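Here's the structure we're looking at; comments come further down.
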Amino acid sequence: MAMAIRAFLMFVLFLFSTQFCFSLYEDQVGLMDWHQQYLGKVKHAVFHTQKTGRKRVLVSTEENVVASLDLRHGEIFWRQILGTNDIVDGLDIALGKYVITLSSDGSMLRAWNLPDGQMVWESSLQGSKLSKSILNVPKNLKADKDDLILVFGQGCLHAVSSIDGEVLWKKDFSGQSIEVQQITHSPHNDLIYVAGYVGSSKFYVYQINAKNGELLKDNTAALPSGTYGELLSVSSDMFVTLDDTRSKILLINLKNGEINYNDNHISDLIKDTSGQGVILPSRLPGIFALNLDSLGILIKVTNEGGLVLVEKINNAAALSDAVSISDGQHAFAFVQHEENKIHLTVKDVHNWNSDLLKERIVIDHQRGNVEKIFINNYVRTDRSNGFRALIAMEDHSLLLVQQGEIVWSREDGLASVVDVTTSDLPVEKEGVSVAKVEQNLFEWLKGHILKLKGTLMIASPGDVAAIQAMRLRSSEKSKMTRDHNGFRKLLIVLTRAGKVFALHTGDGRIVWSVLLRTLRKSEACERPIGLNIYQWQDPHHHALDENPSVFVVGRCGPSLAAPAVLSFIDAYTGRELNSLSLAHTVAQVMPLPYTDSTEQRLHLIIDVNQQAYLYPKTPEAIHILQHEFANVYWYSVDADNGIIRGHALNSRCNGEVVDEYCFDLRDLWSIVFPSESERILATMTRKSNEVVHTQAKVMTNQDVMYKYISKNLLFVANVAPKAIGEIGTATPEESWLVIYIIDTVTGRILHRMTHHGCQGPVQAVFSENWVVYHYFNLRAHRYEMSVVEVYDQSRADNKDVWKLVLGKHNLTSPFSSYSRPEVITKSQSYYFTHSVKAIEVTSTAKGITSKQLLIGTIGDQVLALDKRFLDPRRTLNPSQAEKEEGIIPLTDSLPIIAQSYITHSLKVEGLRGIVTVPAKLESTSLVFAYGVDLFFTRIAPSRTYDSLTEDFSYALLLITIVALVAAIFVTWVLSERKDLQEKWR
Amino acid sequence: MGIFRSVLAFCLLITWSLAFQSDELFIGDEEFGLEGGQHRSSDPVYSQSSPSTTRKRFSDSGPDSKIHFELEHAFGGSEFSHAGNFSARLKTWNHGAQTLTKLRFSRNALSEAERNNFQKLLQGDDFYRIRLPSNVLSPPGRDYIISSVKARCLPGEVLEEHFVIHMEGVNILAVNYGAPGACPYPRQLKFPAKWSFKSHTVLKNSDQAPRAPVFSEDVLAGEEGEGENVKQPEKSFWAKYWMYLIPLGLIVMNAITQAMNMPEEQAAGQSGAQTQQQPGSAVQRGTGVAVRRR
């Protein structure tokens, strides 16, 4: 019997262990997850409104997205995401039904079907040298009934058929040392002009027959001086450029293939200026724009080759290309700023006296300046011309403006999330009104009655819909207060545009957003970039009256030597509390595990000159740091030279300016990887806020193994120098992957292991005492994932229970990195079918719940894989005891189970990162995945063992209890009565 | 305190007189010089004669040749100075790779100044730092390998130190340097009885990673993730049919108890019948009474 019970128990356990995948039902989608789709900053836009039917605008963005948007509401009709290296250079419409994109430096030409976004054809254009890439879709250029597309890229001019993408002819300019600047098409005589420079002062022009690519004429002329900037075409045979002093405008005219030029001083056109101009890129017939002393100047080119100043625009922000509104009539728009308004002016190119449109639009100043504008015309009800404008703002948001109003807006800055942190919501204040409670009670009851109906299957279809709607918009989840389970939080994300958004985890709405002053373009800071966002102040003791705050670290430019900027933001309101432009640079930011009396966290910012600066700059912070001065260690990775160094604080800086918050450091250790055999590919550390529940791990034979848990472990993956490239460029013999686990306090290598015949890319995740990494095995032609677990042997003799009882153990002795580590490692490798974009591990509040790996697959989905599959102790035939412990029989590859995709049917396009945050409920972990899209859900790796599920019917329970009580009373009364009757007989 | 000083002075005197105490371990010449493969050499042949003359002596005469490289140390933030010599045999393999074997180490005795420096380190709980060249053939290679330890970790009977030198061919990647045992955190100030070093050295090369298990027949099944379910060992009869057996067992048990109760029930039934008769008679009587009452 005991045997049978054992077997039964084992079977139950086995059932639990195999059915770990917790899939969703269809009607549970959207209950605790949300998904948002974005595009990125718009680079090109083409309107398609000619035909009746859906009006749409086609855009391509800096995130390499090509999309078709509904012009009425701004929704996405379709969207195609090109690869990260496939940068879109040009976008246009051909034949009225194909969207043409040129990408990858002019080497990829694709046509997408306009209504649904399916790819129609793709043509790869070969060339030999890097050059400017130009896409030109002329209106009426036909060769054998085929509409031609002109593409210049990789030093070659291609004429491509717009029907099937076939290259009809090709002209190679890479042999000549000409740098092609412009390609124009003259519609009258089917000629193509290819214009460019040799050096900076020799102008070349080629005349090509558009039908067959025959070179008709080539001409050259030496310009009187060098040129500055790019060549701009004003019409098919006129070009303008600036000379190298930037004070003269060169006008180049091709009449019958002859090159004529004349130069005009800018000062002749505009009086009292001495500044240097820049020609703005635009496509306007007979007009060009010049930026001079931050003044926009429009200059008209007359047919005789003269220049006429037509308009000076103050506070000019952006200029649109021209649209043709009727025969020979062209309009264009420009935008001017005025405080929180913008002025949109539309003018006729040939008639300057009147404005076609002049509007003032109020725009939220958190959107910054206008960066790009695209206009489109329509016919108003009174048959006059109306205009609508698509505006890309500084914060990468996209607005459609019509009749002086913002028709719709899209927050496309969220497509380029740089860093994420979270903040708790405010604590619910006491004193809720009675009416509210009553209403809530009523709602609650109504909801549960509906649910009960659903459970008892007596709900009508209308009720079912009501239940579903109620579940989806339950007011509970989008409240602005802290909840008991810790599911409601603010996700604070920093975007590439320098804007910080706070998203509510309940429904993903934007709670606040702020465009940081320090990360906006300014005189002092030409190209600021945001780097990271950190928790600054997280008040626990004063949670009711103080707001938490976060701070953003940025840099004034892409180089490491650019000075740093800091911004402090209130996490509840989004107010920018303070901003600093620092004198030093930033190489590394180190949050210290100490807070001051106002619960501000201490941070060390380490600059490129290896000096550490303490923030906040208060005497109290100095005092705290002084106390822990000898216990601050950090490391730096020099990936170019293959050196990892360890540092500690040394003394105050002794520069000419006394700064008591600045510290020198000294090198404690260094690891020099031999450059001929290893290159650093990836490094990974544990999350600093990770909680580990227990150090001991009980084995099947009742042994105890102790996890080697140290916060200061670093995982390093190195590859052979020959295998640094892409997969397939190196043979298995000359590629290897070496992995290290290093203690960053002492620089000890705890573990070192070589994978022969393997190479990157390496993705890794480090948690507790284990690291899991993903790489490519060239011999097996497959991706592999390996796990390394580190166990502490110095505590291994604490197995005796008596020792534990009598206290003769060293478990409570403090852990020191300076003790010689006695570690053993266990590792195992498994095949994994997918390539991986990111790996994360779930984190829970107390670390009790078993872990799952969250793998961002190449298909932009997130797969949850139980850590038990990556257990180095898996054996081929696990014994009964091992099975009871949950060890899965050994297989060579890791399973991919369709139900364990936490993104279910959705895709997080362009997935870049996954963030996990523990909820207060131990079983649950919050997951936020970001890329071009955003996705949020919460998962319970071991199911929600500590709470009832959300669709648990309290009403049913209540009614059952009531019914039971009633039944008890009824039967009691009945039995009493019967008793009485019987006694009376 | 005075006694302590005199003891210290005495110790110093002893170390002075003994000058050189070599207690180094020698590493076996396994292909991978793993820890544990150590054995003490019976003939301590030191190339101690000229520690400061040459950094390396490397002859190309044979496949195996002897080389030296230098250990330097620094006290706190001071400059590095010579501290000892490593000597090893350079083994050239057929395929051209070179590895070091038979590492030996000889440490110089601490000079008076160094001893004072060390005492200062101990008092200040500061770092004792060492460095090695990153390439043993052309020192210092690209850069020095630095390692450091809190000085208070070292003193025991003597100053005990432990080197684990991570090698890759003739390159030194890193050195794990520290005390051979534990060094618990509130580090106590303690002076060694003898001012000499007791050194343990280990050479370490990279391990081979375990390969992914290969099941040729299961490759396809495993990919689908169904291997888990398919490869389930044959379940026992009980495990397969428990859901049928339990109700069956219950029914049987129910039947048995009923069967057991049957005789009792009969007996009880009889008694029940008797007792039933009494109210029956009572009723009769009762009605009789009632009738009479009417």
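Letters A, B, ... go to the chains of the structure tokens in the order shown; residues in each chain start at 1; ligands are counted from 1 in the same order.
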Name the residues in contact with Arg527 in chain A at a cut-off of 8 Å, using only C-alpha atoms, excluding same-chain residues fewer than 5 positions from it; report them as a PyMOL selection string.
-> chain A and resi 521+556-558
Spatial neighbours of Met590 in chain A, max dist 8 Å, only C-alpha atoms, sep filter under 5 positions, as a list in words =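 Near Met590 in chain A, the qualifying residues are His603, Leu604, Ile605 and Ile606 of chain A.
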All strand (DSSP E) residues (DSSP, backbone) inside range 49-195 of chain B, as a PyMOL selection string = chain B and resi 64-75+81-92+98-107+127-133+144-150+159-168+171-178
Could you please take those selected residues and save C-alpha atoms as a PDB file, in the first residue's frame?
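Result file is part.pdb:
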```
ATOM      1  CA  ASP B  64      61.768  22.345 -23.332  1.00  0.00           C
ATOM      2  CA  SER B  65      63.508  25.299 -21.892  1.00  0.00           C
ATOM      3  CA  LYS B  66      63.620  27.070 -18.636  1.00  0.00           C
ATOM      4  CA  ILE B  67      62.266  30.524 -18.155  1.00  0.00           C
ATOM      5  CA  HIS B  68      61.966  32.970 -15.357  1.00  0.00           C
ATOM      6  CA  PHE B  69      59.606  35.724 -14.603  1.00  0.00           C
ATOM      7  CA  GLU B  70      59.498  38.185 -11.847  1.00  0.00           C
ATOM      8  CA  LEU B  71      57.061  38.930  -9.082  1.00  0.00           C
ATOM      9  CA  GLU B  72      56.863  42.503  -7.926  1.00  0.00           C
ATOM     10  CA  HIS B  73      55.055  43.901  -4.961  1.00  0.00           C
ATOM     11  CA  ALA B  74      53.907  47.233  -3.620  1.00  0.00           C
ATOM     12  CA  PHE B  75      52.748  48.393  -0.230  1.00  0.00           C
ATOM     13  CA  SER B  81      59.628  46.578  -6.399  1.00  0.00           C
ATOM     14  CA  HIS B  82      61.146  43.173  -6.955  1.00  0.00           C
ATOM     15  CA  ALA B  83      59.796  40.489  -4.636  1.00  0.00           C
ATOM     16  CA  GLY B  84      60.602  37.092  -6.033  1.00  0.00           C
ATOM     17  CA  ASN B  85      61.089  34.896  -9.011  1.00  0.00           C
ATOM     18  CA  PHE B  86      59.040  32.288 -10.715  1.00  0.00           C
ATOM     19  CA  SER B  87      60.846  29.699 -12.731  1.00  0.00           C
ATOM     20  CA  ALA B  88      59.162  27.218 -14.965  1.00  0.00           C
ATOM     21  CA  ARG B  89      59.776  24.814 -17.779  1.00  0.00           C
ATOM     22  CA  LEU B  90      58.445  25.931 -21.125  1.00  0.00           C
ATOM     23  CA  LYS B  91      57.113  23.003 -23.016  1.00  0.00           C
ATOM     24  CA  THR B  92      56.655  23.264 -26.752  1.00  0.00           C
ATOM     25  CA  GLN B  98      53.707  26.397 -25.687  1.00  0.00           C
ATOM     26  CA  THR B  99      52.736  25.797 -22.114  1.00  0.00           C
ATOM     27  CA  LEU B 100      54.443  26.202 -18.794  1.00  0.00           C
ATOM     28  CA  THR B 101      55.010  23.314 -16.473  1.00  0.00           C
ATOM     29  CA  LYS B 102      56.890  22.694 -13.257  1.00  0.00           C
ATOM     30  CA  LEU B 103      56.406  26.117 -11.809  1.00  0.00           C
ATOM     31  CA  ARG B 104      58.683  26.982  -8.956  1.00  0.00           C
ATOM     32  CA  PHE B 105      58.730  30.057  -6.880  1.00  0.00           C
ATOM     33  CA  SER B 106      61.341  31.639  -4.750  1.00  0.00           C
ATOM     34  CA  ARG B 107      60.548  34.678  -2.736  1.00  0.00           C
ATOM     35  CA  PHE B 127      46.254  46.643   0.374  1.00  0.00           C
ATOM     36  CA  TYR B 128      49.318  44.586  -0.331  1.00  0.00           C
ATOM     37  CA  ARG B 129      49.623  44.491  -4.087  1.00  0.00           C
ATOM     38  CA  ILE B 130      51.562  42.233  -6.396  1.00  0.00           C
ATOM     39  CA  ARG B 131      52.067  42.188 -10.112  1.00  0.00           C
ATOM     40  CA  LEU B 132      53.222  39.775 -12.766  1.00  0.00           C
ATOM     41  CA  PRO B 133      53.990  40.235 -16.445  1.00  0.00           C
ATOM     42  CA  TYR B 144      50.992  43.951 -15.911  1.00  0.00           C
ATOM     43  CA  ILE B 145      48.628  41.623 -14.148  1.00  0.00           C
ATOM     44  CA  ILE B 146      47.879  43.247 -10.838  1.00  0.00           C
ATOM     45  CA  SER B 147      46.332  41.608  -7.851  1.00  0.00           C
ATOM     46  CA  SER B 148      45.914  42.767  -4.321  1.00  0.00           C
ATOM     47  CA  VAL B 149      44.815  41.588  -0.957  1.00  0.00           C
ATOM     48  CA  LYS B 150      44.080  43.247   2.339  1.00  0.00           C
ATOM     49  CA  LEU B 159      52.842  35.287   6.087  1.00  0.00           C
ATOM     50  CA  GLU B 160      50.828  32.820   4.110  1.00  0.00           C
ATOM     51  CA  GLU B 161      50.002  33.477   0.525  1.00  0.00           C
ATOM     52  CA  HIS B 162      48.356  31.542  -2.257  1.00  0.00           C
ATOM     53  CA  PHE B 163      48.781  32.136  -5.975  1.00  0.00           C
ATOM     54  CA  VAL B 164      46.545  30.680  -8.640  1.00  0.00           C
ATOM     55  CA  ILE B 165      48.021  31.750 -11.950  1.00  0.00           C
ATOM     56  CA  HIS B 166      45.609  31.505 -14.867  1.00  0.00           C
ATOM     57  CA  MET B 167      47.563  30.771 -18.025  1.00  0.00           C
ATOM     58  CA  GLU B 168      46.745  30.729 -21.684  1.00  0.00           C
ATOM     59  CA  ASN B 171      50.246  34.481 -21.423  1.00  0.00           C
ATOM     60  CA  ILE B 172      49.180  35.085 -17.879  1.00  0.00           C
ATOM     61  CA  LEU B 173      45.550  36.158 -17.781  1.00  0.00           C
ATOM     62  CA  ALA B 174      45.056  36.728 -14.134  1.00  0.00           C
ATOM     63  CA  VAL B 175      46.326  35.735 -10.757  1.00  0.00           C
ATOM     64  CA  ASN B 176      44.078  34.892  -7.845  1.00  0.00           C
ATOM     65  CA  TYR B 177      46.116  36.089  -4.937  1.00  0.00           C
ATOM     66  CA  GLY B 178      45.260  35.903  -1.304  1.00  0.00           C
TER      67      GLY B 178
END
```
Of the candidates B:Glu157, B:Asp125, B:Asp207, B:Glu112, which one gets nearest to chain A if we count only C-alpha atoms?
->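 The shortest atom-to-atom distance to chain A comes from B:Asp207.
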Closest atom pairs, chain A residues within 7 Å of chain B, only C-alpha atoms, as a tab-separated table:
```
residue	atom	partner	partner_atom	distance
A:Ala4	CA	B:Trp238	CA	6.8
A:Ala7	CA	B:Ala239	CA	6.6
A:Phe8	CA	B:Ala239	CA	5.9
A:Phe11	CA	B:Ala239	CA	6.6
A:Leu668	CA	B:Ser148	CA	5.6
A:Trp669	CA	B:Ser147	CA	4.2
A:Ser670	CA	B:Ile146	CA	5.0
A:Ile671	CA	B:Ala174	CA	4.9
A:Val672	CA	B:Leu173	CA	5.2
A:Phe673	CA	B:Leu173	CA	5.4
A:Pro674	CA	B:Asn171	CA	6.4
A:Thr746	CA	B:Ser148	CA	6.9
A:Gly747	CA	B:Asn176	CA	6.8
A:Arg748	CA	B:Asn176	CA	4.6
A:Ile749	CA	B:Asn176	CA	6.6
A:Arg752	CA	B:Ser206	CA	5.7
A:Met753	CA	B:Asp207	CA	4.6
A:Thr754	CA	B:Gln208	CA	5.0
A:His755	CA	B:Ala209	CA	5.2
A:Pro814	CA	B:Tyr185	CA	6.2
A:Phe815	CA	B:Pro184	CA	6.8
A:Ser816	CA	B:Tyr185	CA	5.6
A:Tyr818	CA	B:Cys183	CA	5.7
A:Ser819	CA	B:Ala182	CA	4.0
A:Arg820	CA	B:Gly181	CA	5.5
A:Gln828	CA	B:Pro210	CA	6.0
A:Ser829	CA	B:Ala212	CA	4.5
A:Tyr830	CA	B:Ala212	CA	5.0
A:Tyr831	CA	B:Ala212	CA	6.8
A:Thr891	CA	B:Gly222	CA	6.7
A:Asp892	CA	B:Pro213	CA	4.9
A:Ser893	CA	B:Gly222	CA	5.9
A:Leu894	CA	B:Gly225	CA	6.9
A:Pro895	CA	B:Gly225	CA	3.8
A:Ile896	CA	B:Gly225	CA	5.8
A:Ile897	CA	B:Gly225	CA	6.5
A:Arg985	CA	B:Val283	CA	6.9
```
Save out the residues we just selected, C-alpha atoms, as a short mmCIF file (atom, residue, chain, number, x, y, z; two decimals), in the first residue's frame.
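The resulting part_3.cif:
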```
data_model
loop_
_atom_site.label_atom_id
_atom_site.label_comp_id
_atom_site.auth_asym_id
_atom_site.auth_seq_id
_atom_site.Cartn_x
_atom_site.Cartn_y
_atom_site.Cartn_z
CA ALA A 4 1.18 2.47 -4.15
CA ALA A 7 3.78 5.90 -6.74
CA PHE A 8 0.61 7.89 -6.70
CA PHE A 11 2.66 10.61 -10.39
CA LEU A 668 43.50 46.87 -7.25
CA TRP A 669 43.62 44.18 -9.83
CA SER A 670 43.71 43.65 -13.53
CA ILE A 671 42.99 40.82 -15.89
CA VAL A 672 44.64 41.04 -19.27
CA PHE A 673 43.19 38.74 -21.89
CA PRO A 674 45.74 37.77 -24.54
CA THR A 746 39.48 40.69 -5.67
CA GLY A 747 39.71 39.93 -9.36
CA ARG A 748 39.79 36.21 -8.77
CA ILE A 749 38.71 34.01 -11.62
CA ARG A 752 36.93 29.49 -16.59
CA MET A 753 35.75 27.25 -19.38
CA THR A 754 36.28 26.96 -23.12
CA HIS A 755 33.64 26.01 -25.66
CA PRO A 814 30.28 36.85 7.48
CA PHE A 815 31.10 36.25 3.88
CA SER A 816 34.28 37.88 2.67
CA TYR A 818 39.12 37.92 0.59
CA SER A 819 38.68 34.39 1.82
CA ARG A 820 39.94 31.87 -0.66
CA GLN A 828 25.61 21.67 -18.95
CA SER A 829 24.80 22.72 -22.49
CA TYR A 830 21.59 22.28 -24.42
CA TYR A 831 20.59 23.05 -27.95
CA THR A 891 17.36 15.90 -23.44
CA ASP A 892 19.74 17.44 -25.89
CA SER A 893 17.55 20.40 -26.74
CA LEU A 894 15.34 22.76 -24.83
CA PRO A 895 11.64 22.53 -25.58
CA ILE A 896 9.78 25.43 -27.10
CA ILE A 897 6.17 25.07 -26.11
CA ARG A 985 -49.19 11.85 18.76
#
```
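Here CA of Gly277 in chain A stands at a distance of 10.6 Å from CA of Thr241 in chain A.
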Please provide the set of residues having any atom within 8 Å of Asn113 in chain A, restricted to only C-alpha atoms, with same-chain residues fewer than 4 positions apart removed, written as a list in words.
->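 Final neighbour list, sorted by chain and number: Lys97, Tyr98, Val99, Gly117, Gln118, Met119 and Val120 of chain A.
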Using backbone DSSP assignments, extract all alpha helix (DSSP H) residues from range 107-243 of chain B; output them as a PyMOL selection string.
-> chain B and resi 112-124+219-224+227-230+237-243
Find the residue from A:Gln468, A:Asn377, A:Thr944, A:Asn219 that sits nearest to Asn260 in chain A; use only C-alpha atoms when measuring.
-> A:Asn219
Name all residues at most 10 Å from range 832-837 of chain A (count only C-alpha atoms; drop same-chain ones fewer than 2 positions away) and give them as a ChimeraX atom specification.
-> /A:761-763,774-776,782-786,829-830,839,855-862,892-896,910-914 /B:223-224
